[in-house]
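Colleague: Dropping in coords-v3.txt, which is compact mmCIF, C-alpha atoms:
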# COMPACT_ATOMS: atom_id res chain seq x y z
CA MET A 18 -41.60 -145.72 196.34
CA PRO A 19 -39.35 -148.55 195.20
CA LYS A 20 -41.09 -151.73 194.10
CA LYS A 21 -39.82 -153.42 197.25
CA SER A 22 -39.66 -151.00 200.14
CA THR A 23 -37.24 -151.72 202.96
CA ASP A 24 -37.75 -152.06 206.71
CA ASN A 25 -35.51 -149.06 207.36
CA LEU A 26 -37.42 -146.86 204.93
CA HIS A 27 -40.71 -147.83 206.60
CA SER A 28 -39.19 -147.06 210.00
CA LEU A 29 -38.03 -143.63 208.83
CA LEU A 30 -41.40 -142.97 207.19
CA GLU A 31 -43.18 -143.76 210.46
CA ASP A 32 -40.83 -141.41 212.28
CA GLY A 33 -41.46 -138.69 209.70
CA VAL A 34 -45.23 -139.08 209.86
CA ARG A 35 -45.15 -139.05 213.66
CA VAL A 36 -43.17 -135.79 213.66
CA LYS A 37 -45.62 -134.25 211.21
CA ASN A 38 -48.57 -135.37 213.29
CA ASP A 39 -47.03 -134.10 216.52
CA SER A 40 -46.46 -130.69 214.95
CA SER A 41 -49.97 -130.32 213.47
CA GLU A 42 -52.24 -127.83 215.22
CA ASN A 43 -55.29 -130.06 215.56
CA GLY A 44 -53.39 -133.30 216.20
CA GLU A 45 -55.29 -135.13 213.46
CA ALA A 46 -53.43 -137.71 211.41
CA ASN A 47 -52.03 -136.39 208.17
CA HIS A 48 -53.15 -138.41 205.18
CA ILE A 49 -50.28 -139.16 202.85
CA LEU A 50 -51.06 -140.36 199.36
CA ALA A 51 -49.21 -143.41 198.09
CA ASP A 52 -47.71 -141.34 195.28
CA ASP A 53 -46.11 -139.06 197.87
CA LEU A 54 -44.47 -141.81 199.93
CA TYR A 55 -41.31 -142.01 197.86
CA GLN A 56 -40.78 -138.26 198.08
CA LEU A 57 -41.32 -138.32 201.83
CA ALA A 58 -38.97 -141.27 202.28
CA GLN A 59 -36.23 -139.65 200.23
CA GLN A 60 -36.62 -136.31 201.99
CA LYS A 61 -36.51 -137.99 205.37
CA VAL A 62 -33.35 -139.95 204.52
CA LEU A 63 -31.58 -136.88 203.14
CA HIS A 64 -32.62 -134.82 206.15
CA GLU A 65 -31.22 -137.42 208.54
CA LEU A 66 -27.96 -137.65 206.59
CA ASP A 67 -27.57 -133.88 206.40
CA SER A 68 -28.15 -133.65 210.14
CA LEU A 69 -25.72 -136.48 210.85
CA TYR A 70 -22.98 -134.78 208.82
CA GLU A 71 -23.70 -131.20 209.85
CA GLU A 72 -20.32 -130.87 211.58
CA TYR A 73 -18.45 -133.22 209.20
CA THR A 74 -18.52 -131.37 205.89
CA PHE A 75 -16.98 -132.29 202.56
CA ALA A 76 -14.40 -129.52 203.05
CA SER A 77 -13.32 -130.87 206.44
CA ALA A 78 -13.05 -134.40 205.05
CA LYS A 79 -10.98 -133.22 202.11
CA ASP A 80 -8.67 -131.31 204.48
CA ALA A 81 -8.33 -134.43 206.63
CA SER A 82 -7.31 -136.48 203.61
CA LEU A 83 -4.68 -133.92 202.54
CA THR A 84 -3.05 -133.81 205.97
CA ASP A 85 -2.95 -137.55 206.63
CA ASP A 86 0.49 -138.86 207.59
CA LEU A 87 0.18 -141.89 205.30
CA ARG A 88 -0.60 -139.69 202.33
CA ARG A 89 2.50 -137.62 203.07
CA ARG A 90 4.61 -140.79 203.19
CA ILE A 91 3.18 -141.92 199.85
CA SER A 92 3.98 -138.50 198.39
CA SER A 93 7.55 -138.70 199.65
CA SER A 94 8.00 -142.24 198.22
CA ASP A 95 9.98 -143.32 201.25
CA GLY A 96 9.13 -147.01 200.77
CA THR A 97 7.34 -147.45 204.10
CA CYS A 98 3.95 -148.31 202.55
CA GLU A 99 3.24 -151.97 201.85
CA HIS A 100 1.17 -151.28 198.73
CA VAL A 101 2.10 -148.58 196.27
CA HIS A 102 -0.77 -146.16 195.57
CA THR A 103 -0.67 -143.13 193.32
CA GLU A 104 -1.63 -139.67 194.54
CA ASP A 105 -4.63 -139.69 192.19
CA SER A 106 -5.94 -142.87 193.86
CA LEU A 107 -6.14 -140.97 197.15
CA VAL A 108 -7.90 -137.86 195.83
CA TYR A 109 -10.94 -137.27 198.03
CA GLY A 110 -14.38 -137.05 196.47
CA GLU A 111 -17.95 -137.87 197.45
CA ILE A 112 -20.93 -139.26 195.60
CA ASP A 113 -24.15 -137.24 195.67
CA LEU A 114 -26.27 -138.72 198.44
CA ARG A 115 -29.59 -138.21 196.65
CA GLY A 116 -28.31 -140.01 193.56
CA PHE A 117 -26.68 -142.80 195.56
CA CYS A 118 -29.81 -143.39 197.65
CA ASP A 119 -31.89 -143.51 194.47
CA LEU A 120 -29.42 -146.00 192.99
CA LEU A 121 -29.66 -148.31 196.01
CA MET A 122 -33.43 -147.99 196.34
CA HIS A 123 -34.28 -148.64 192.69
CA HIS A 124 -31.45 -150.45 190.97
CA VAL A 125 -29.69 -152.68 193.53
CA PRO A 126 -32.00 -155.42 194.89
CA HIS A 127 -30.98 -156.59 198.34
CA SER A 128 -32.29 -158.08 201.58
CA SER A 129 -31.37 -158.34 205.26
CA ASP A 130 -29.00 -161.19 204.34
CA ASP A 131 -26.80 -158.87 202.27
CA VAL A 132 -23.67 -157.03 203.38
CA PHE A 133 -22.70 -153.63 201.93
CA TYR A 134 -19.06 -152.55 201.57
CA ASP A 135 -17.57 -149.23 200.49
CA LEU A 136 -13.94 -149.58 199.34
CA GLY A 137 -12.49 -146.17 200.13
CA SER A 138 -15.24 -144.97 202.43
CA GLY A 139 -13.75 -141.61 203.46
CA SER A 140 -15.93 -139.97 206.10
CA GLY A 141 -18.56 -142.70 205.65
CA ARG A 142 -21.32 -140.91 203.76
CA ALA A 143 -22.06 -143.70 201.29
CA VAL A 144 -22.00 -146.25 204.13
CA PHE A 145 -24.64 -144.33 206.07
CA ALA A 146 -26.69 -143.74 202.92
CA ALA A 147 -26.78 -147.51 202.47
CA ARG A 148 -27.65 -147.94 206.14
CA PHE A 149 -30.57 -145.53 206.09
CA VAL A 150 -32.18 -146.77 202.87
CA GLY A 151 -31.25 -150.45 203.01
CA ASP A 152 -31.94 -153.55 205.07
CA PHE A 153 -28.35 -154.78 204.79
CA ARG A 154 -27.25 -157.07 207.61
CA GLU A 155 -24.21 -154.86 207.94
CA CYS A 156 -22.79 -151.77 206.24
CA VAL A 157 -18.99 -151.61 206.24
CA GLY A 158 -16.54 -148.94 205.14
CA ILE A 159 -12.86 -149.61 204.46
CA GLU A 160 -10.58 -146.57 204.45
CA LEU A 161 -6.80 -146.39 204.12
CA LEU A 162 -6.26 -142.90 205.54
CA SER A 163 -6.47 -142.80 209.34
CA ASN A 164 -7.67 -139.18 209.49
CA LEU A 165 -10.73 -140.05 207.42
CA HIS A 166 -11.28 -143.27 209.35
CA GLU A 167 -11.29 -141.34 212.62
CA MET A 168 -13.82 -138.90 211.19
CA ALA A 169 -16.07 -141.79 210.13
CA THR A 170 -15.88 -143.37 213.59
CA SER A 171 -16.82 -140.02 215.14
CA VAL A 172 -19.87 -139.89 212.88
CA ARG A 173 -20.70 -143.46 213.90
CA SER A 174 -20.65 -142.45 217.57
CA LEU A 175 -23.15 -139.68 216.81
CA TYR A 176 -25.24 -142.11 214.76
CA ARG A 177 -25.40 -144.58 217.65
CA PHE A 178 -26.45 -141.86 220.08
CA GLN A 179 -29.04 -139.97 218.02
CA TYR A 180 -30.09 -141.97 214.95
CA GLN A 181 -29.65 -145.72 215.37
CA HIS A 182 -32.89 -146.17 217.32
CA LYS A 183 -34.89 -144.96 214.31
CA LEU A 184 -33.81 -147.95 212.22
CA ILE A 185 -34.60 -151.65 212.34
CA HIS A 186 -31.33 -152.78 210.73
CA GLN A 187 -28.59 -150.82 212.47
CA ASN A 188 -25.11 -152.35 212.11
CA VAL A 189 -22.37 -150.04 210.83
CA GLN A 190 -18.65 -150.75 210.90
CA PHE A 191 -15.55 -148.84 209.77
CA ILE A 192 -12.17 -150.47 209.21
CA CYS A 193 -8.88 -148.63 208.78
CA SER A 194 -7.07 -150.83 206.28
CA ASP A 195 -5.81 -151.10 202.75
CA LEU A 196 -8.66 -152.60 200.75
CA LEU A 197 -6.18 -155.05 199.24
CA ASP A 198 -5.39 -156.43 202.70
CA HIS A 199 -8.93 -156.80 204.04
CA ASP A 200 -10.54 -159.94 202.64
CA GLY A 201 -14.01 -159.39 204.11
CA TRP A 202 -15.35 -157.49 201.13
CA TRP A 203 -14.85 -160.27 198.63
CA LYS A 204 -15.64 -163.07 201.09
CA ASP A 205 -18.75 -161.57 202.75
CA GLY A 206 -19.74 -158.57 200.65
CA THR A 207 -22.78 -158.92 198.42
CA VAL A 208 -23.14 -155.24 197.43
CA VAL A 209 -19.76 -153.55 197.04
CA TYR A 210 -19.24 -149.91 196.05
CA VAL A 211 -15.86 -149.07 194.48
CA PRO A 212 -15.26 -145.32 193.86
CA ASN A 213 -12.55 -146.18 191.34
CA LEU A 214 -12.72 -143.24 188.95
CA LEU A 215 -9.14 -142.15 189.71
CA PHE A 216 -7.73 -145.51 190.75
CA ASP A 217 -4.60 -146.42 188.79
CA ASP A 218 -4.60 -149.42 186.45
CA SER A 219 -2.59 -151.59 188.85
CA LEU A 220 -5.02 -151.01 191.73
CA LYS A 221 -8.05 -151.66 189.51
CA ALA A 222 -6.49 -154.88 188.26
CA GLN A 223 -5.82 -156.07 191.81
CA ILE A 224 -9.40 -155.24 192.86
CA ALA A 225 -10.75 -157.11 189.82
CA GLU A 226 -8.58 -160.11 190.67
CA LYS A 227 -10.09 -160.30 194.16
CA ALA A 228 -13.64 -159.44 193.03
CA VAL A 229 -13.90 -162.60 190.92
CA ARG A 230 -13.94 -164.52 194.22
CA MET A 231 -17.21 -162.87 195.27
CA ARG A 232 -20.24 -165.11 195.55
CA ALA A 233 -22.73 -165.57 192.72
CA GLY A 234 -25.42 -162.88 192.67
CA ALA A 235 -23.23 -160.23 194.34
CA CYS A 236 -23.35 -156.69 192.94
CA LEU A 237 -20.37 -154.44 192.28
CA ILE A 238 -21.05 -150.71 191.88
CA CYS A 239 -18.22 -148.66 190.39
CA LEU A 240 -17.44 -145.36 188.65
CA LYS A 241 -15.23 -146.78 185.92
CA LYS A 242 -15.58 -150.05 184.02
CA PHE A 243 -13.38 -152.96 184.96
CA GLU A 244 -11.33 -154.51 182.19
CA GLY A 245 -9.83 -157.95 181.89
CA ALA A 246 -11.07 -161.27 180.56
CA ALA A 247 -11.20 -163.01 183.95
CA PHE A 248 -13.42 -160.28 185.44
CA ASN A 249 -15.75 -160.00 182.47
CA CYS A 250 -16.15 -163.77 182.27
CA VAL A 251 -17.85 -163.86 185.66
CA PHE A 252 -19.38 -160.36 185.94
CA GLU A 253 -22.21 -159.05 183.76
CA LEU A 254 -22.67 -155.30 183.34
CA VAL A 255 -26.39 -154.95 184.10
CA LYS A 256 -26.84 -151.19 184.34
CA GLU A 257 -25.14 -147.91 183.51
CA ARG A 258 -26.45 -144.57 184.71
CA PRO A 259 -25.17 -141.05 185.49
CA VAL A 260 -24.85 -139.81 189.05
CA VAL A 261 -23.67 -136.52 190.52
CA MET A 262 -20.30 -136.43 192.30
CA SER A 263 -18.59 -133.68 194.28
CA TRP A 264 -16.59 -132.79 191.14
CA GLY A 265 -19.44 -133.11 188.62
CA GLU A 266 -21.45 -135.81 186.90
CA SER A 267 -20.02 -139.30 186.45
CA ASN A 268 -21.32 -142.63 185.24
CA THR A 269 -21.95 -145.49 187.61
CA TYR A 270 -21.76 -149.09 186.49
CA ILE A 271 -23.52 -151.98 188.22
CA TYR A 272 -22.06 -155.43 187.68
CA LYS A 273 -23.61 -158.71 188.81
CA ARG A 274 -21.52 -161.77 189.65
CA GLN A 275 -22.71 -164.75 187.60
Could you rewrite the structure in this file as structure tokens?
Modeller:
Amino acid sequence: MPKKSTDNLHSLLEDGVRVKNDSSENGEANHILADDLYQLAQQKVLHELDSLYEEYTFASAKDASLTDDLRRRISSSDGTCEHVHTEDSLVYGEIDLRGFCDLLMHHVPHSSDDVFYDLGSGSGRAVFAARFVGDFRECVGIELLSNLHEMATSVRSLYRFQYQHKLIHQNVQFICSDLLDHDGWWKDGTVVYVPNLLFDDSLKAQIAEKAVRMRAGACLICLKKFEGAAFNCVFELVKERPVVMSWGESNTYIYKRQ
């Protein structure tokens, strides 16, 4: 178990223990050793996430991203998009849920006063991972492509119907917007995930410019280091660790706003 367990993890653990007890032949309480609690919590979270996304697979999300009208307009360079984004910046990928949950549970301290943002949230997997393992006041995903946003909102509807009642902290929100236009993440966000591995230099520079406005103590989780004197004057790189992605292993970097 993490040094500071969360309300949502306790709630899921209680649900998991209750299911195990209900399914036991003699109805006696199952005794779970303290050393086994982390494993049970992680298994329960991953089971819930797998169930939530059973009909919303990585393949279907990738297909949705490739057929999005906005992406086609960007490819055609017809000048109708307010911000210029490269094709590489819109390549769809997903972080491994086990690794991301472990990252949030062990390496990103937070409380029920914190707000989690995913900048480029796709079908919402990282947002729901944060929701299930964390006590964040709110978990928010910002996604540019409407097809992926619609998929995430469909998952949210299922979450509200079948899963929300299992958690103490429940708020989840998805916003269809360019992350450069939505100011909530740097005004309110205290834990912000930026899957920036393939973001072009211009986009990374614009994100860094806005990130320096985040409040002291806020955490920024990213897949590629941010450069620039202004950013590195106010952010300290506090941790670097590998994590599995849909395309292979990648490093994650955790910055803390000073």
Colleague: As lines of an AutoDock Vina configuration file, what would the box around stretch 80-89 of chain A look like: edges along x, y and z, 8 Å added on every side, centre and edge lengths in Å to one decimal?
Modeller:
center_x = -3.1
center_y = -136.6
center_z = 205.0
size_x = 27.2
size_y = 26.6
size_z = 21.3
Colleague: What would the list of residues within 7 Å of (-10.9, -147.8, 199.3) (file frame) look like as a PDB file with C-alpha atoms, in the frame of the given file, if only C-alpha atoms are what count?
Modeller:
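Below is the file that was written, part22.pdb:
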ATOM      1  CA  ASP A 135     -17.570-149.230 200.490  1.00  0.00           C
ATOM      2  CA  LEU A 136     -13.940-149.580 199.340  1.00  0.00           C
ATOM      3  CA  GLY A 137     -12.490-146.170 200.130  1.00  0.00           C
ATOM      4  CA  SER A 138     -15.240-144.970 202.430  1.00  0.00           C
ATOM      5  CA  ILE A 159     -12.860-149.610 204.460  1.00  0.00           C
ATOM      6  CA  GLU A 160     -10.580-146.570 204.450  1.00  0.00           C
ATOM      7  CA  LEU A 161      -6.800-146.390 204.120  1.00  0.00           C
ATOM      8  CA  ASP A 195      -5.810-151.100 202.750  1.00  0.00           C
ATOM      9  CA  LEU A 196      -8.660-152.600 200.750  1.00  0.00           C
TER      10      LEU A 196
END
Colleague: If you count only C-alpha atoms, which residues fall within 10 Å of A:Lys256, apart from same-chain ones fewer than 6 positions away, as a list in words?
Modeller: His124, Val125, Ile238, Thr269, Tyr270, Ile271, Tyr272 and Lys273 of chain A
Colleague: Write to file, as a PDB file, in the coordinates of the input, the residues of the selection just made, with C-alpha atoms.
Modeller:
ATOM      1  CA  HIS A 124     -31.450-150.450 190.970  1.00  0.00           C
ATOM      2  CA  VAL A 125     -29.690-152.680 193.530  1.00  0.00           C
ATOM      3  CA  ILE A 238     -21.050-150.710 191.880  1.00  0.00           C
ATOM      4  CA  THR A 269     -21.950-145.490 187.610  1.00  0.00           C
ATOM      5  CA  TYR A 270     -21.760-149.090 186.490  1.00  0.00           C
ATOM      6  CA  ILE A 271     -23.520-151.980 188.220  1.00  0.00           C
ATOM      7  CA  TYR A 272     -22.060-155.430 187.680  1.00  0.00           C
ATOM      8  CA  LYS A 273     -23.610-158.710 188.810  1.00  0.00           C
TER       9      LYS A 273
END
Colleague: How many Å lie between atom CA of A:Arg177 and atom CA of A:His27, rounded to one decimal?
Modeller: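 It comes out at 19.2 Å.
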Colleague: Please indicate the distance in Å from atom CA of A:Cys118 to atom CA of A:Val211, rounded to one decimal place.
Modeller: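 Pair atom CA of A:Cys118 / atom CA of A:Val211 returns 15.4 Å.
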Colleague: So, with only C-alpha atoms as the atoms that count, which of A:Val132, A:Val189, A:Leu162, A:Leu254 lies closest to A:Met231?
Modeller: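 Smallest distance to A:Met231 is found for A:Val132.
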Colleague: Would you mind listing what lies within 12 Å of A:Asn188 as a ChimeraX atom specification, with only C-alpha atoms counted and same-chain residues fewer than 2 positions away left out?
Modeller: /A:25,129,131-133,144-145,147-149,151-158,173,176-177,180-182,184-186,190-191
Colleague: Need to verify the contact set: A:Ala81, 10 Å, all atoms listed in the file, exclusion of same-chain residues closer than 5 positions in sequence. Can you return it as a list in words?
Modeller: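 Near A:Ala81, the qualifying residues are Phe75, Ala76, Asp86, Tyr109, Gly139, Ser140, Leu162, Ser163, Asn164, Leu165, His166, Glu167 and Met168 of chain A.
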Colleague: List every protein, DNA or RNA residue that has an atom no more than 9 Å from (-27.9, -140.5, 196.6) in the file's coordinate frame, counting only C-alpha atoms, and report them as an MDAnalysis selection string.
Modeller: chainID A and resid 63 112:121 143 146 260:261
Colleague: Deliver the residues from the most recent selection as a file, using C-alpha atoms, as a JSON list (two decimals), keeping the file's coordinate frame.
Modeller:
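Result file is part30.json:
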[["chain", "number", "residue", "atom", "x", "y", "z"],
["A", 63, "LEU", "CA", -31.58, -136.88, 203.14],
["A", 112, "ILE", "CA", -20.93, -139.26, 195.60],
["A", 113, "ASP", "CA", -24.15, -137.24, 195.67],
["A", 114, "LEU", "CA", -26.27, -138.72, 198.44],
["A", 115, "ARG", "CA", -29.59, -138.21, 196.65],
["A", 116, "GLY", "CA", -28.31, -140.01, 193.56],
["A", 117, "PHE", "CA", -26.68, -142.80, 195.56],
["A", 118, "CYS", "CA", -29.81, -143.39, 197.65],
["A", 119, "ASP", "CA", -31.89, -143.51, 194.47],
["A", 120, "LEU", "CA", -29.42, -146.00, 192.99],
["A", 121, "LEU", "CA", -29.66, -148.31, 196.01],
["A", 143, "ALA", "CA", -22.06, -143.70, 201.29],
["A", 146, "ALA", "CA", -26.69, -143.74, 202.92],
["A", 260, "VAL", "CA", -24.85, -139.81, 189.05],
["A", 261, "VAL", "CA", -23.67, -136.52, 190.52]]
Colleague: Using atom CA of A:Ser219 and atom CA of A:Lys242 as the two end points, give the distance in Å to one decimal.
Modeller: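 Atom CA of A:Ser219 sits 13.9 Å away from atom CA of A:Lys242.
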Colleague: Find, counting only C-alpha atoms, the residue in A:Glu104, A:Asp198, A:Glu226, A:Glu72 that gets nearest to A:Leu175.
Modeller: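 Looking at the shortest contact to A:Leu175, the residue is A:Glu72.
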Colleague: Which one of A:Ser194, A:Tyr134, A:Gly110, A:Leu66 sits closest to A:Met262 if you count all atoms listed in the file?
Modeller: A:Gly110
